[in-house]
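Text of the file my_file-v7.cif, holding mmCIF, C-alpha atoms and all ligand atoms:
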```
data_target
#
loop_
_atom_site.label_atom_id
_atom_site.label_comp_id
_atom_site.auth_asym_id
_atom_site.auth_seq_id
_atom_site.Cartn_x
_atom_site.Cartn_y
_atom_site.Cartn_z
CA MET A 1 6.18 27.96 15.64
CA ALA A 2 6.90 31.28 13.99
CA ASP A 3 7.49 31.90 10.30
CA ASN A 4 11.21 31.61 10.75
CA GLN A 5 10.86 28.46 12.80
CA ASN A 6 13.53 26.63 10.87
CA GLN A 7 16.23 29.25 11.00
CA VAL A 8 19.06 30.51 13.09
CA LYS A 9 21.66 33.11 12.18
CA CYS A 10 25.30 32.65 11.19
CA ARG A 11 27.72 33.31 14.05
CA GLN A 12 30.14 35.03 11.67
CA CYS A 13 27.95 37.26 9.51
CA GLY A 14 24.38 36.90 10.70
CA GLY A 15 23.41 35.26 7.40
CA THR A 16 20.80 32.59 6.93
CA LEU A 17 21.80 29.05 7.79
CA MET A 18 20.89 25.78 6.17
CA PHE A 19 21.53 22.30 7.53
CA ALA A 20 24.42 20.80 5.53
CA PRO A 21 23.48 17.25 4.48
CA GLY A 22 25.74 14.51 5.76
CA THR A 23 27.21 16.74 8.49
CA THR A 24 26.21 17.87 11.96
CA SER A 25 26.51 21.55 11.02
CA LEU A 26 24.52 24.39 9.58
CA GLN A 27 26.14 26.18 6.67
CA CYS A 28 25.82 29.91 6.06
CA GLU A 29 24.31 30.72 2.69
CA PHE A 30 26.36 33.95 2.49
CA CYS A 31 29.84 33.36 3.90
CA GLY A 32 29.84 29.58 3.80
CA ALA A 33 30.87 29.27 7.45
CA MET A 34 29.96 26.01 9.14
CA ASN A 35 28.06 26.46 12.39
CA GLU A 36 28.20 23.33 14.53
CA ILE A 37 24.86 22.16 15.96
CA ASP A 38 24.49 21.67 19.68
CA LYS A 39 24.89 17.91 19.84
CA SER A 40 24.28 17.42 23.54
CA ASN A 41 21.23 15.34 22.68
CA TRP A 42 22.21 14.09 19.25
CA ASP A 43 22.17 10.46 20.28
CA TYR A 44 18.81 8.97 19.50
CA ALA A 45 19.25 5.95 21.73
CA GLY A 46 19.49 8.32 24.68
CA MET A 47 16.01 9.71 24.10
CA ALA A 48 13.99 6.59 23.45
CA THR A 49 10.74 8.19 24.55
CA LYS A 50 7.79 6.66 22.84
CA HIS A 51 4.29 7.87 23.44
CA ASN A 52 1.50 5.71 24.70
CA PHE A 53 -0.91 5.35 21.83
CA LEU A 54 -3.98 5.63 23.98
CA ALA A 55 -3.06 9.07 25.24
CA ASP A 56 -4.98 11.69 23.34
CA ILE A 57 -3.29 14.81 22.02
CA SER A 58 -4.99 16.77 24.81
CA ASP A 59 -3.40 14.42 27.39
CA LEU A 60 0.11 15.09 26.09
CA PRO A 61 2.26 17.59 27.98
CA GLU A 62 2.62 21.02 26.34
CA THR A 63 6.26 20.26 25.52
CA GLU A 64 5.23 17.36 23.30
CA THR A 65 2.88 19.40 21.14
CA GLU A 66 3.31 22.43 18.93
CA VAL A 67 1.14 24.89 17.09
CA VAL A 68 1.84 24.57 13.39
CA HIS A 69 1.09 27.19 10.76
CA SER A 70 0.72 25.59 7.41
CA VAL A 71 -0.47 26.33 3.89
CA LYS A 72 -2.71 23.84 2.21
CA CYS A 73 -2.70 23.09 -1.51
CA ASN A 74 -6.26 23.06 -2.81
CA CYS A 75 -5.21 20.76 -5.62
CA CYS A 76 -3.53 17.81 -3.86
CA GLY A 77 -4.22 18.55 -0.20
CA ALA A 78 -0.56 18.77 0.89
CA GLN A 79 -0.04 20.88 3.99
CA THR A 80 3.38 22.42 4.34
CA THR A 81 4.94 24.73 6.84
CA PHE A 82 6.55 27.78 5.37
CA SER A 83 9.78 29.36 6.44
CA SER A 84 10.75 32.83 5.28
CA ASN A 85 13.95 31.74 3.50
CA VAL A 86 12.26 29.07 1.41
CA HIS A 87 9.71 30.48 -0.97
CA SER A 88 7.74 28.84 -3.66
CA ALA A 89 4.75 30.03 -5.60
CA ASN A 90 3.87 26.51 -6.65
CA CYS A 91 2.95 23.51 -4.57
CA ASP A 92 6.00 21.34 -3.93
CA PHE A 93 3.99 18.15 -4.31
CA CYS A 94 1.95 18.76 -7.46
CA GLY A 95 3.28 21.95 -9.06
CA SER A 96 -0.05 23.77 -8.89
CA PRO A 97 0.05 27.48 -8.07
CA ILE A 98 -0.56 28.16 -4.41
CA THR A 99 -2.35 31.22 -3.19
CA VAL A 100 -1.50 31.90 0.40
CA GLY A 101 -4.69 33.04 2.00
CA GLY A 102 -4.81 33.10 5.79
CA ASP A 103 -2.68 30.31 7.17
CA ALA A 104 -4.26 27.42 9.00
CA SER A 105 -2.82 26.89 12.45
CA SER A 106 -3.46 23.78 14.44
CA LYS A 107 -2.14 21.96 17.48
CA ARG A 108 -0.08 18.97 16.50
CA ILE A 109 1.96 16.22 18.07
CA LYS A 110 5.57 17.35 17.99
CA PRO A 111 8.00 15.10 16.11
CA GLN A 112 10.28 13.08 18.36
CA GLY A 113 12.83 12.05 15.80
CA VAL A 114 14.31 13.35 12.55
CA ILE A 115 16.29 11.51 9.91
CA PRO A 116 18.65 14.25 8.68
CA PHE A 117 19.50 14.89 5.03
CA LYS A 118 22.56 13.02 3.75
CA VAL A 119 22.11 13.71 0.05
CA THR A 120 23.08 17.30 -0.83
CA GLN A 121 21.00 19.50 -3.08
CA GLU A 122 23.72 19.39 -5.72
CA GLU A 123 23.77 15.57 -5.72
CA GLY A 124 19.99 15.68 -5.93
CA ARG A 125 20.06 18.10 -8.88
CA ASN A 126 22.53 15.93 -10.74
CA LYS A 127 20.32 12.90 -10.23
CA PHE A 128 17.28 14.85 -11.41
CA ALA A 129 19.12 16.13 -14.49
CA SER A 130 20.34 12.69 -15.52
CA TRP A 131 16.93 11.13 -14.82
CA ILE A 132 15.11 13.62 -17.00
CA LYS A 133 17.72 13.45 -19.78
CA GLY A 134 17.60 9.68 -19.75
CA LEU A 135 13.84 9.41 -20.24
CA TRP A 136 12.80 7.59 -23.36
CA PHE A 137 10.01 9.17 -25.34
CA ALA A 138 10.01 12.29 -23.20
CA PRO A 139 8.75 15.46 -24.87
CA GLY A 140 11.69 17.52 -26.17
CA ASP A 141 10.91 20.65 -24.17
CA LEU A 142 10.49 18.73 -20.92
CA VAL A 143 14.08 19.20 -19.79
CA ASN A 144 13.76 22.97 -19.96
CA LYS A 145 10.28 23.18 -18.57
CA ALA A 146 10.91 20.85 -15.65
CA SER A 147 14.10 22.55 -14.55
CA MET A 148 12.74 26.05 -15.11
CA GLU A 149 9.44 25.56 -13.38
CA SER A 150 10.67 23.81 -10.33
CA GLY A 151 13.88 23.54 -8.47
CA LEU A 152 14.49 20.68 -6.16
CA THR A 153 12.92 21.35 -2.78
CA GLY A 154 14.23 19.81 0.41
CA MET A 155 11.21 18.57 2.32
CA TYR A 156 10.76 16.73 5.60
CA ILE A 157 7.86 14.27 5.31
CA PRO A 158 5.81 13.15 8.34
CA TYR A 159 5.66 9.49 9.37
CA TRP A 160 4.34 7.48 12.27
CA LEU A 161 6.31 4.60 13.73
CA TYR A 162 4.39 2.04 15.73
CA TYR A 163 5.51 -0.46 18.38
CA VAL A 164 3.03 -3.19 19.30
CA ASP A 165 3.18 -6.55 21.10
CA THR A 166 0.52 -8.90 19.80
CA VAL A 167 -0.88 -12.19 21.06
CA THR A 168 -3.09 -14.15 18.66
CA ARG A 169 -5.05 -17.28 19.48
CA TYR A 170 -6.09 -19.27 16.48
CA THR A 171 -7.81 -22.44 15.37
CA GLY A 172 -7.26 -24.02 12.01
CA LYS A 173 -6.30 -27.10 10.05
CA ARG A 174 -3.03 -28.56 8.91
CA GLY A 175 -3.11 -30.29 5.57
CA GLU A 176 -0.68 -33.10 4.75
CA TYR A 177 -0.31 -34.59 1.33
CA TYR A 178 -0.51 -38.32 0.70
CA TYR A 179 -0.47 -40.17 -2.57
CA THR A 180 -2.36 -43.05 -4.14
CA GLU A 181 -1.65 -44.82 -7.35
CA LYS A 182 -4.00 -45.13 -10.24
CA GLN A 183 -3.91 -46.73 -13.67
CA VAL A 184 -4.23 -44.40 -16.64
CA LYS A 185 -4.80 -45.57 -20.19
CA GLN A 186 -2.25 -44.15 -22.62
CA ALA A 187 -2.97 -43.02 -26.18
CA ASP A 188 -1.40 -46.24 -27.55
CA GLY A 189 -3.71 -48.41 -25.41
CA THR A 190 -1.13 -49.45 -22.77
CA MET A 191 -1.72 -48.74 -19.06
CA LYS A 192 0.50 -46.49 -16.96
CA THR A 193 0.65 -46.07 -13.17
CA GLU A 194 0.29 -42.47 -12.02
CA LYS A 195 0.55 -40.89 -8.58
CA GLU A 196 -2.45 -38.95 -7.35
CA GLN A 197 -2.15 -36.30 -4.62
CA HIS A 198 -4.64 -35.94 -1.77
CA THR A 199 -4.72 -33.83 1.40
CA ARG A 200 -5.43 -35.19 4.86
CA TRP A 201 -6.59 -32.45 7.28
CA HIS A 202 -5.77 -32.35 11.01
CA PRO A 203 -7.45 -29.84 13.33
CA THR A 204 -5.01 -27.59 15.18
CA SER A 205 -4.94 -24.52 17.39
CA GLY A 206 -2.34 -22.40 19.12
CA THR A 207 -1.03 -18.99 20.09
CA VAL A 208 1.30 -16.77 18.11
CA TYR A 209 3.26 -13.91 19.69
CA LYS A 210 4.59 -11.15 17.47
CA ASN A 211 6.33 -7.92 18.49
CA PHE A 212 6.26 -5.15 15.93
CA LYS A 213 8.90 -2.45 15.94
CA ASP A 214 9.43 0.65 13.76
CA LEU A 215 6.33 -0.10 11.70
CA ILE A 216 6.41 2.94 9.39
CA ILE A 217 3.17 4.52 8.13
CA SER A 218 2.89 7.73 6.10
CA GLY A 219 1.49 10.76 7.87
CA SER A 220 0.05 12.06 4.59
CA ASN A 221 -1.43 10.76 1.38
CA THR A 222 0.25 13.27 -0.91
CA LEU A 223 3.04 10.99 -2.13
CA GLY A 224 0.89 8.00 -3.03
CA SER A 225 2.42 4.68 -3.96
CA GLU A 226 5.69 6.24 -5.15
CA GLY A 227 6.16 7.54 -1.62
CA ASP A 228 5.53 4.06 -0.24
CA ASN A 229 8.46 2.68 -2.18
CA LEU A 230 10.79 5.40 -0.93
CA LYS A 231 9.70 5.16 2.69
CA LYS A 232 10.64 1.48 2.89
CA LYS A 233 14.26 2.49 2.29
CA PHE A 234 14.68 4.75 5.34
CA LYS A 235 17.20 3.52 7.87
CA PHE A 236 16.21 4.33 11.41
CA GLU A 237 19.72 3.98 12.81
CA GLY A 238 20.37 7.37 11.24
CA MET A 239 17.64 9.07 13.24
CA VAL A 240 18.41 11.83 15.75
CA PRO A 241 16.16 13.49 18.33
CA TYR A 242 13.94 16.21 16.91
CA ASN A 243 15.85 19.44 16.75
CA GLU A 244 14.57 22.48 14.90
CA GLN A 245 18.10 23.34 13.75
CA ILE A 246 18.22 20.26 11.55
CA LEU A 247 15.20 21.63 9.69
CA SER A 248 16.97 24.91 8.88
CA GLY A 249 16.60 25.78 5.22
CA TYR A 250 14.07 23.03 4.49
CA LYS A 251 10.33 22.83 4.40
CA SER A 252 8.30 20.29 6.24
CA GLU A 253 4.98 18.74 5.50
CA THR A 254 2.48 18.65 8.34
CA TYR A 255 0.79 15.34 9.00
CA SER A 256 -2.72 15.10 7.58
CA VAL A 257 -3.29 11.43 8.39
CA ASP A 258 -3.55 11.41 12.16
CA LEU A 259 -2.26 8.93 14.68
CA LYS A 260 -5.41 6.80 14.92
CA GLU A 261 -6.12 6.80 11.20
CA ALA A 262 -2.57 5.74 10.35
CA TYR A 263 -2.84 3.00 12.96
CA LYS A 264 -5.55 1.29 10.91
CA GLU A 265 -3.03 0.90 8.11
CA ALA A 266 -0.52 -0.47 10.62
CA GLN A 267 -3.14 -3.01 11.77
CA ASP A 268 -3.62 -4.22 8.18
CA ILE A 269 0.13 -4.78 7.86
CA MET A 270 0.26 -6.55 11.23
CA GLU A 271 -2.67 -8.76 10.32
CA ARG A 272 -0.93 -9.96 7.16
CA GLU A 273 2.24 -10.74 9.09
CA ILE A 274 0.34 -12.50 11.85
CA LYS A 275 -1.44 -14.67 9.28
CA ASP A 276 1.90 -15.67 7.80
CA ALA A 277 3.21 -16.48 11.27
CA ILE A 278 0.17 -18.65 12.04
CA LYS A 279 0.56 -20.54 8.77
CA GLU A 280 4.20 -21.12 9.52
CA GLU A 281 3.35 -22.45 12.97
CA ILE A 282 0.60 -24.71 11.64
CA GLY A 283 3.16 -26.22 9.29
CA GLY A 284 2.40 -29.15 7.03
CA ASP A 285 1.82 -28.81 3.29
CA LYS A 286 -1.32 -26.66 3.39
CA GLN A 287 -2.84 -24.47 6.08
CA GLU A 288 -6.28 -23.14 6.80
CA ILE A 289 -7.05 -20.53 9.46
CA GLU A 290 -10.59 -20.93 10.79
CA SER A 291 -10.60 -18.31 13.53
CA LYS A 292 -8.16 -15.91 15.12
CA GLN A 293 -8.32 -13.33 17.84
CA THR A 294 -5.54 -10.79 18.34
CA THR A 295 -4.88 -8.77 21.46
CA GLU A 296 -2.66 -5.72 20.99
CA ASN A 297 -0.57 -4.75 24.00
CA ASN A 298 1.84 -1.92 24.83
CA ILE A 299 0.92 0.13 21.79
CA GLU A 300 3.41 2.96 21.45
CA TYR A 301 4.33 5.32 18.68
CA LYS A 302 6.79 7.95 17.55
CA HIS A 303 6.15 10.79 15.20
CA ILE A 304 9.15 11.36 12.96
CA LEU A 305 10.25 13.45 9.99
CA ALA A 306 12.23 11.98 7.11
CA PRO A 307 14.01 13.79 4.25
CA LEU A 308 13.03 13.94 0.61
CA TRP A 309 14.23 16.01 -2.34
CA ILE A 310 11.22 16.66 -4.46
CA SER A 311 10.49 18.32 -7.77
CA ALA A 312 6.92 18.73 -8.92
CA PHE A 313 6.21 20.09 -12.36
CA ARG A 314 3.21 20.52 -14.56
CA TYR A 315 3.36 19.54 -18.19
CA GLU A 316 0.42 20.14 -20.49
CA GLY A 317 -2.01 20.45 -17.63
CA LYS A 318 -0.90 17.37 -15.73
CA SER A 319 1.20 17.03 -12.58
CA TYR A 320 4.38 15.00 -12.48
CA ARG A 321 6.77 14.40 -9.67
CA PHE A 322 10.36 13.41 -9.11
CA MET A 323 11.60 12.38 -5.67
CA ILE A 324 14.85 11.34 -4.03
CA ASN A 325 15.08 9.72 -0.62
CA GLY A 326 17.22 12.34 1.15
CA GLN A 327 18.94 9.76 3.31
CA THR A 328 19.71 6.95 0.86
CA GLY A 329 19.54 8.61 -2.58
CA ASP A 330 16.94 6.18 -4.00
CA LEU A 331 14.82 7.76 -6.75
CA SER A 332 11.23 7.58 -7.81
CA GLY A 333 9.36 9.60 -10.39
CA SER A 334 6.39 9.90 -12.67
CA ARG A 335 6.95 11.28 -16.15
CA PRO A 336 5.18 12.49 -19.26
CA TYR A 337 5.45 10.71 -22.60
CA SER A 338 5.59 12.40 -25.96
CA LYS A 339 2.80 11.03 -28.13
CA ALA A 340 4.58 12.33 -31.22
CA LYS A 341 7.82 10.52 -30.36
CA ILE A 342 6.02 7.26 -29.65
CA ALA A 343 4.05 7.58 -32.91
CA ILE A 344 7.26 8.14 -34.89
CA PHE A 345 8.90 5.17 -33.16
CA ILE A 346 5.97 2.84 -33.93
CA ALA A 347 5.76 4.13 -37.50
CA SER A 348 9.46 3.42 -38.04
CA ILE A 349 9.14 -0.13 -36.70
CA VAL A 350 6.17 -0.74 -39.02
CA ALA A 351 8.23 0.69 -41.90
CA VAL A 352 11.18 -1.62 -41.16
CA ILE A 353 8.92 -4.68 -40.94
CA THR A 354 7.13 -3.75 -44.19
CA LEU A 355 10.49 -3.30 -45.87
CA LEU A 356 11.72 -6.70 -44.62
CA ILE A 357 8.56 -8.42 -45.88
CA LEU A 358 8.97 -6.78 -49.27
CA LEU A 359 12.66 -7.76 -49.44
CA LEU A 360 11.94 -11.38 -48.47
CA LYS A 361 9.27 -11.82 -51.15
ZN ZN A 401 27.86 33.67 7.45
ZN ZN A 402 -0.42 20.39 -4.45
#
```

Could you take the file, read its structure, and then write that structure out as structure tokens?
Amino acid sequence: MADNQNQVKCRQCGGTLMFAPGTTSLQCEFCGAMNEIDKSNWDYAGMATKHNFLADISDLPETETEVVHSVKCNCCGAQTTFSSNVHSANCDFCGSPITVGGDASSKRIKPQGVIPFKVTQEEGRNKFASWIKGLWFAPGDLVNKASMESGLTGMYIPYWLYYVDTVTRYTGKRGEYYYTEKQVKQADGTMKTEKEQHTRWHPTSGTVYKNFKDLIISGSNTLGSEGDNLKKKFKFEGMVPYNEQILSGYKSETYSVDLKEAYKEAQDIMEREIKDAIKEEIGGDKQEIESKQTTENNIEYKHILAPLWISAFRYEGKSYRFMINGQTGDLSGSRPYSKAKIAIFIASIVAVITLLILLLK
């Protein structure tokens, strides 16, 4: 991909185009003209190609891979692709200054699907402004600093979706409660009959079949647990086949957690769900799994990009981040606290309590 990978020119004036959220058009930044995207393959259902997991990147056809030029932040490790109409001197994920020294280019698996932006930048900015204004105990100069230092950047984040059919054979025990009665001496010396609970165990074994679909795993670690909350909200029905035009005017992060590494995380999630399924099948009041062996079949995956509005800012030497799911509008953010404001608040509570005590005396 070239530097201007994510751009095409306006049909009316030759200006730079940006994908208009919620539409199927690119809007010109100069004359405002809407340029309709070629939608001949807009329908995702029509392109349900999933890759076989076992195929290595070198086994994939040339059309399914791309050479990506990206800049890496030395502070948080985020790797983003740069396009000539979207500049930033600071890292979009942590707010640290970025020095662009020789770009790193690497061969990557090409995304197959994209969830386009639905939330516009203006809607995003309004949400950011009201979030930051609404923060309790925020330092007074935060509003200015945060909005001055960083705008809101539209960023496509890499994810892996996995599809796996699993068969698990297990052995275990089903526990069923039964009750006996016993006599208990009361404080006043009388006797009372009480029920006592016991568990009777029955050995059991069986096979559980579970098919996993659209199991979403992050393709990078830059967003941490906040990113995990936002990713759960994505709706895959809104996905369209990968199309560079949809990326026009936005940045994209390159995956740094590769296919096989991310799969380990998927396996952990599957294992938890399989355990739950076994317990449900065992039934009874209590369950114990003694052994289980899972076979994974038909492992397939898709590499997709999903939209996020992100603002990273540094405040007194620390990084903070505000994010909006670009499809659903859900927010997530980390924020600084003003020690002075909290101290004043605590001091005033102490003062009120002291005053009350004095008045009540
Ligand atoms: Zn134009
Ligand atoms: Zn960074």

request  = Please measure the separation of atom CA of Ala262 of chain A and atom CA of Ile217 of chain A, giving the value in Å to one decimal.
outcome  = 6.3 Å

ask   = Within 12 Å of ligand ZN 402 (chain A), counting all atoms listed in the file, which protein or nucleic acid residues do you find, written as a PyMOL selection string?
value = chain A and resi 71-80+88-99+221-223+253+311-314+318-321

message = What residues of the protein or nucleic acid chains come within 12 Å of ligand ZN 401 (chain A) when you use only C-alpha atoms and all ligand atoms? Reply as a PyMOL selection string.
response = chain A and resi 8-18+26-35

query = How far is it from atom CA of Thr65 of chain A to atom CA of His51 of chain A, in Å with one decimal?
reply = 11.8 Å

message = Just to confirm, what's the straight-line distance from atom CA of Ala266 of chain A to atom CA of Lys210 of chain A in Å (one decimal)?
response =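 Between atom CA of Ala266 of chain A and atom CA of Lys210 of chain A the gap is 13.7 Å.
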